[in-house]
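Participant: final-v4.tsv is the file, holding TSV, N, CA and C atoms and all ligand atoms:
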```
chain	number	residue	atom	x	y	z
F	1	MET	N	-33.47	-10.14	-2.14
F	1	MET	CA	-33.00	-11.26	-2.97
F	1	MET	C	-32.69	-12.47	-2.09
F	2	VAL	N	-33.06	-13.62	-2.57
F	2	VAL	CA	-32.72	-14.85	-1.85
F	2	VAL	C	-31.87	-15.73	-2.76
F	3	ASN	N	-30.92	-16.42	-2.17
F	3	ASN	CA	-30.10	-17.36	-2.91
F	3	ASN	C	-30.82	-18.69	-2.97
F	4	ILE	N	-31.07	-19.18	-4.19
F	4	ILE	CA	-31.69	-20.49	-4.36
F	4	ILE	C	-30.58	-21.49	-4.55
F	5	ARG	N	-30.52	-22.46	-3.62
F	5	ARG	CA	-29.40	-23.41	-3.63
F	5	ARG	C	-29.88	-24.82	-3.92
F	6	CYS	N	-28.97	-25.64	-4.44
F	6	CYS	CA	-29.25	-27.04	-4.71
F	6	CYS	C	-29.55	-27.76	-3.40
F	7	GLY	N	-30.62	-28.55	-3.38
F	7	GLY	CA	-30.98	-29.27	-2.17
F	7	GLY	C	-30.02	-30.39	-1.85
F	8	SER	N	-29.21	-30.79	-2.81
F	8	SER	CA	-28.32	-31.92	-2.59
F	8	SER	C	-26.90	-31.48	-2.23
F	9	CYS	N	-26.36	-30.50	-2.97
F	9	CYS	CA	-24.96	-30.12	-2.74
F	9	CYS	C	-24.83	-28.65	-2.34
F	10	SER	N	-25.94	-27.95	-2.25
F	10	SER	CA	-25.94	-26.55	-1.80
F	10	SER	C	-25.22	-25.60	-2.75
F	11	ALA	N	-25.03	-26.02	-3.99
F	11	ALA	CA	-24.47	-25.09	-4.98
F	11	ALA	C	-25.49	-24.00	-5.28
F	12	LEU	N	-25.02	-22.80	-5.50
F	12	LEU	CA	-25.92	-21.70	-5.80
F	12	LEU	C	-26.51	-21.89	-7.20
F	13	LEU	N	-27.83	-21.97	-7.28
F	13	LEU	CA	-28.49	-22.17	-8.57
F	13	LEU	C	-28.80	-20.83	-9.21
F	14	PHE	N	-29.46	-19.94	-8.47
F	14	PHE	CA	-29.73	-18.60	-8.95
F	14	PHE	C	-30.21	-17.76	-7.80
F	15	ARG	N	-30.33	-16.48	-8.03
F	15	ARG	CA	-30.86	-15.59	-7.02
F	15	ARG	C	-32.17	-15.00	-7.52
F	16	ALA	N	-33.12	-14.84	-6.61
F	16	ALA	CA	-34.43	-14.35	-7.01
F	16	ALA	C	-34.92	-13.32	-6.00
F	17	GLY	N	-35.59	-12.33	-6.52
F	17	GLY	CA	-36.22	-11.35	-5.65
F	17	GLY	C	-37.52	-11.91	-5.10
F	18	GLN	N	-38.03	-11.27	-4.05
F	18	GLN	CA	-39.26	-11.75	-3.43
F	18	GLN	C	-40.40	-11.64	-4.44
F	19	GLY	N	-41.14	-12.74	-4.64
F	19	GLY	CA	-42.24	-12.75	-5.59
F	19	GLY	C	-41.81	-13.02	-7.01
F	20	ALA	N	-40.53	-13.21	-7.24
F	20	ALA	CA	-40.04	-13.45	-8.60
F	20	ALA	C	-40.47	-14.82	-9.10
F	21	ILE	N	-40.64	-15.76	-8.17
F	21	ILE	CA	-41.07	-17.11	-8.57
F	21	ILE	C	-42.58	-17.19	-8.45
F	22	ALA	N	-43.25	-17.21	-9.58
F	22	ALA	CA	-44.71	-17.17	-9.58
F	22	ALA	C	-45.32	-18.56	-9.74
F	23	ASN	N	-44.51	-19.52	-10.11
F	23	ASN	CA	-45.03	-20.86	-10.32
F	23	ASN	C	-43.92	-21.87	-10.07
F	24	ASP	N	-44.27	-23.16	-10.21
F	24	ASP	CA	-43.27	-24.19	-9.96
F	24	ASP	C	-42.11	-24.09	-10.95
F	25	ILE	N	-40.92	-24.40	-10.47
F	25	ILE	CA	-39.72	-24.35	-11.31
F	25	ILE	C	-38.94	-25.65	-11.10
F	26	GLU	N	-38.45	-26.19	-12.19
F	26	GLU	CA	-37.51	-27.30	-12.09
F	26	GLU	C	-36.19	-26.83	-12.67
F	27	ILE	N	-35.13	-26.99	-11.90
F	27	ILE	CA	-33.82	-26.57	-12.39
F	27	ILE	C	-32.80	-27.64	-12.04
F	28	LYS	N	-31.96	-27.96	-13.00
F	28	LYS	CA	-30.96	-29.00	-12.81
F	28	LYS	C	-29.67	-28.37	-12.30
F	29	CYS	N	-29.16	-28.93	-11.23
F	29	CYS	CA	-27.92	-28.42	-10.66
F	29	CYS	C	-26.77	-28.74	-11.61
F	30	ARG	N	-25.96	-27.72	-11.88
F	30	ARG	CA	-24.85	-27.93	-12.81
F	30	ARG	C	-23.71	-28.70	-12.15
F	31	ARG	N	-23.69	-28.68	-10.82
F	31	ARG	CA	-22.57	-29.34	-10.15
F	31	ARG	C	-22.81	-30.83	-9.98
F	32	CYS	N	-24.01	-31.17	-9.44
F	32	CYS	CA	-24.24	-32.59	-9.11
F	32	CYS	C	-25.34	-33.22	-9.97
F	33	GLY	N	-26.06	-32.42	-10.75
F	33	GLY	CA	-27.05	-32.98	-11.66
F	33	GLY	C	-28.40	-33.24	-11.04
F	34	THR	N	-28.59	-32.89	-9.79
F	34	THR	CA	-29.88	-33.09	-9.14
F	34	THR	C	-30.92	-32.13	-9.71
F	35	ILE	N	-32.12	-32.65	-9.96
F	35	ILE	CA	-33.22	-31.79	-10.40
F	35	ILE	C	-33.88	-31.21	-9.15
F	36	ASN	N	-33.82	-29.90	-9.02
F	36	ASN	CA	-34.44	-29.23	-7.87
F	36	ASN	C	-35.80	-28.71	-8.28
F	37	HIS	N	-36.80	-29.07	-7.51
F	37	HIS	CA	-38.17	-28.63	-7.79
F	37	HIS	C	-38.51	-27.51	-6.82
F	38	LEU	N	-38.68	-26.31	-7.34
F	38	LEU	CA	-38.91	-25.15	-6.51
F	38	LEU	C	-40.36	-24.69	-6.63
F	39	ARG	N	-40.85	-24.16	-5.54
F	39	ARG	CA	-42.21	-23.61	-5.53
F	39	ARG	C	-42.13	-22.13	-5.17
F	40	PRO	N	-43.21	-21.40	-5.41
F	40	PRO	CA	-43.20	-19.95	-5.12
F	40	PRO	C	-42.77	-19.63	-3.70
F	41	VAL	N	-43.13	-20.45	-2.73
F	41	VAL	CA	-42.68	-20.22	-1.36
F	41	VAL	C	-41.66	-21.28	-1.00
F	42	GLU	N	-40.40	-20.86	-0.86
F	42	GLU	CA	-39.34	-21.81	-0.54
F	42	GLU	C	-39.18	-21.89	0.96
F	43	PRO	N	-39.29	-23.09	1.51
F	43	PRO	CA	-39.17	-23.24	2.96
F	43	PRO	C	-37.77	-22.99	3.47
F	44	GLU	N	-36.76	-23.32	2.69
F	44	GLU	CA	-35.39	-23.25	3.22
F	44	GLU	C	-34.90	-21.83	3.51
F	45	PRO	N	-34.95	-20.92	2.56
F	45	PRO	CA	-34.48	-19.55	2.86
F	45	PRO	C	-35.27	-18.91	4.00
F	46	ASP	N	-36.57	-19.22	4.05
F	46	ASP	CA	-37.42	-18.65	5.10
F	46	ASP	C	-36.96	-19.13	6.47
F	47	ARG	N	-36.65	-20.42	6.56
F	47	ARG	CA	-36.23	-20.98	7.84
F	47	ARG	C	-34.91	-20.34	8.30
F	48	GLN	N	-33.98	-20.19	7.37
F	48	GLN	CA	-32.70	-19.58	7.72
F	48	GLN	C	-32.91	-18.15	8.22
F	49	GLU	N	-33.82	-17.44	7.58
F	49	GLU	CA	-34.08	-16.06	7.96
F	49	GLU	C	-34.60	-16.00	9.40
F	50	ARG	N	-35.53	-16.89	9.72
F	50	ARG	CA	-36.09	-16.89	11.07
F	50	ARG	C	-35.04	-17.23	12.12
F	51	GLN	N	-34.19	-18.19	11.80
F	51	GLN	CA	-33.15	-18.55	12.75
F	51	GLN	C	-32.23	-17.38	13.02
F	52	ALA	N	-31.87	-16.66	11.98
F	52	ALA	CA	-30.97	-15.52	12.14
F	52	ALA	C	-31.63	-14.47	13.03
F	53	ARG	N	-32.92	-14.26	12.85
F	53	ARG	CA	-33.62	-13.28	13.66
F	53	ARG	C	-33.65	-13.71	15.13
F	54	ASN	N	-33.93	-14.99	15.34
F	54	ASN	CA	-33.98	-15.47	16.72
F	54	ASN	C	-32.63	-15.34	17.40
F	55	ASN	N	-31.59	-15.64	16.68
F	55	ASN	CA	-30.25	-15.55	17.26
F	55	ASN	C	-29.92	-14.11	17.65
F	56	SER	N	-30.24	-13.18	16.77
F	56	SER	CA	-29.91	-11.79	17.07
F	56	SER	C	-30.75	-11.30	18.25
F	57	CYS	N	-31.98	-11.79	18.35
F	57	CYS	CA	-32.82	-11.38	19.48
F	57	CYS	C	-32.23	-11.88	20.79
F	58	GLY	N	-31.70	-13.10	20.78
F	58	GLY	CA	-31.22	-13.68	22.03
F	58	GLY	C	-29.87	-13.14	22.45
F	59	SER	N	-29.16	-12.50	21.54
F	59	SER	CA	-27.80	-12.07	21.87
F	59	SER	C	-27.69	-10.54	21.94
F	60	THR	N	-28.81	-9.89	22.22
F	60	THR	CA	-28.77	-8.41	22.25
F	60	THR	C	-28.53	-7.88	23.66
F	61	SER	N	-28.33	-8.80	24.63
F	61	SER	CA	-28.09	-8.33	25.99
F	61	SER	C	-26.77	-8.89	26.51
F	62	PRO	N	-25.65	-8.31	26.12
F	62	PRO	CA	-24.35	-8.85	26.51
F	62	PRO	C	-24.04	-8.66	27.99
F	63	ARG	N	-24.66	-7.73	28.66
F	63	ARG	CA	-24.35	-7.48	30.07
F	63	ARG	C	-25.35	-8.13	31.01
F	64	ASP	N	-25.94	-9.21	30.57
F	64	ASP	CA	-26.96	-9.83	31.40
F	64	ASP	C	-26.34	-10.55	32.58
C	1	ZN	ZN	-26.21	-29.90	-6.63
```
In structure tokens, write the structure found in this file.
Facilitator:
Amino acid sequence: MVNIRCGSCSALLFRAGQGAIANDIEIKCRRCGTINHLRPVEPEPDRQERQARNNSCGSTSPRD
């Protein structure tokens, strides 16, 4: 599951499983009113995932 967040205020819009988004989606943020246009492949959650992986890889040798 990935958290889909507002691009403007980062409010949680909804959560979706992988492949749950099959086409373009427009959703209005309830907090700030921004229309978020989502596509099947969201760049933001993917980027965060990669960063987390890189960080864990670099910090696995505490006795270096
Ligand atoms: Zn918002």
Participant: Rank nothing, just name the residue among F:His37, F:Phe14, F:Met1, F:Arg31 nearest to ligand ZN 1 (chain C), using only C-alpha atoms and all ligand atoms.
Facilitator: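 Smallest separation from ligand ZN 1 (chain C) among the options: F:Arg31.
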Participant: Kindly work out which residues sit at most 6.5 Å from ligand ZN 1 (chain C), using all atoms listed in the file, and give the list as a ChimeraX atom specification.
Facilitator: /F:6-11,29-34
Participant: For those residues, write N, CA and C atoms to a file as a JSON list (two decimals), in the coordinates of the input.
Facilitator:
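out.json written:
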```
[["chain", "number", "residue", "atom", "x", "y", "z"],
["F", 6, "CYS", "N", -28.97, -25.64, -4.44],
["F", 6, "CYS", "CA", -29.25, -27.04, -4.71],
["F", 6, "CYS", "C", -29.55, -27.76, -3.40],
["F", 7, "GLY", "N", -30.62, -28.55, -3.38],
["F", 7, "GLY", "CA", -30.98, -29.27, -2.17],
["F", 7, "GLY", "C", -30.02, -30.39, -1.85],
["F", 8, "SER", "N", -29.21, -30.79, -2.81],
["F", 8, "SER", "CA", -28.32, -31.92, -2.59],
["F", 8, "SER", "C", -26.90, -31.48, -2.23],
["F", 9, "CYS", "N", -26.36, -30.50, -2.97],
["F", 9, "CYS", "CA", -24.96, -30.12, -2.74],
["F", 9, "CYS", "C", -24.83, -28.65, -2.34],
["F", 10, "SER", "N", -25.94, -27.95, -2.25],
["F", 10, "SER", "CA", -25.94, -26.55, -1.80],
["F", 10, "SER", "C", -25.22, -25.60, -2.75],
["F", 11, "ALA", "N", -25.03, -26.02, -3.99],
["F", 11, "ALA", "CA", -24.47, -25.09, -4.98],
["F", 11, "ALA", "C", -25.49, -24.00, -5.28],
["F", 29, "CYS", "N", -29.16, -28.93, -11.23],
["F", 29, "CYS", "CA", -27.92, -28.42, -10.66],
["F", 29, "CYS", "C", -26.77, -28.74, -11.61],
["F", 30, "ARG", "N", -25.96, -27.72, -11.88],
["F", 30, "ARG", "CA", -24.85, -27.93, -12.81],
["F", 30, "ARG", "C", -23.71, -28.70, -12.15],
["F", 31, "ARG", "N", -23.69, -28.68, -10.82],
["F", 31, "ARG", "CA", -22.57, -29.34, -10.15],
["F", 31, "ARG", "C", -22.81, -30.83, -9.98],
["F", 32, "CYS", "N", -24.01, -31.17, -9.44],
["F", 32, "CYS", "CA", -24.24, -32.59, -9.11],
["F", 32, "CYS", "C", -25.34, -33.22, -9.97],
["F", 33, "GLY", "N", -26.06, -32.42, -10.75],
["F", 33, "GLY", "CA", -27.05, -32.98, -11.66],
["F", 33, "GLY", "C", -28.40, -33.24, -11.04],
["F", 34, "THR", "N", -28.59, -32.89, -9.79],
["F", 34, "THR", "CA", -29.88, -33.09, -9.14],
["F", 34, "THR", "C", -30.92, -32.13, -9.71]]
```
Participant: What's around Pro40 (chain F) at 7 Å? Count all atoms listed in the file, leave out sequence neighbours fewer than 4 positions away in its own chain, and write the answer as a ChimeraX atom specification.
Facilitator: /F:21-25
Participant: Near Ile4 (chain F), counting all atoms listed in the file, which residues have an atom at most 5 Å away, once you skip same-chain residues fewer than 6 positions from it, shown as a ChimeraX atom specification?
Facilitator: /F:12-15
Participant: Create the file for the chosen residues now, containing N, CA and C atoms and written as an mmCIF file, keeping the file's coordinate frame.
Facilitator:
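Wrote part_27.cif, looks like this:
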```
data_model
loop_
_atom_site.group_PDB
_atom_site.id
_atom_site.type_symbol
_atom_site.label_atom_id
_atom_site.label_comp_id
_atom_site.auth_asym_id
_atom_site.auth_seq_id
_atom_site.Cartn_x
_atom_site.Cartn_y
_atom_site.Cartn_z
ATOM 1 N N LEU F 12 -25.020 -22.800 -5.500
ATOM 2 C CA LEU F 12 -25.920 -21.700 -5.800
ATOM 3 C C LEU F 12 -26.510 -21.890 -7.200
ATOM 4 N N LEU F 13 -27.830 -21.970 -7.280
ATOM 5 C CA LEU F 13 -28.490 -22.170 -8.570
ATOM 6 C C LEU F 13 -28.800 -20.830 -9.210
ATOM 7 N N PHE F 14 -29.460 -19.940 -8.470
ATOM 8 C CA PHE F 14 -29.730 -18.600 -8.950
ATOM 9 C C PHE F 14 -30.210 -17.760 -7.800
ATOM 10 N N ARG F 15 -30.330 -16.480 -8.030
ATOM 11 C CA ARG F 15 -30.860 -15.590 -7.020
ATOM 12 C C ARG F 15 -32.170 -15.000 -7.520
#
```
Participant: According to DSSP computed on the backbone, where in region 8-46 of chain F is there helix (DSSP H, G or I)? Give the residues as a PyMOL selection string.
Facilitator: chain F and resi 43-46
Participant: Please indicate the distance in Å from atom N of Glu26 (chain F) to atom C of Arg39 (chain F), rounded to one decimal place.
Facilitator: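 About the pair atom N of Glu26 (chain F) and atom C of Arg39 (chain F): they are 8.9 Å apart.
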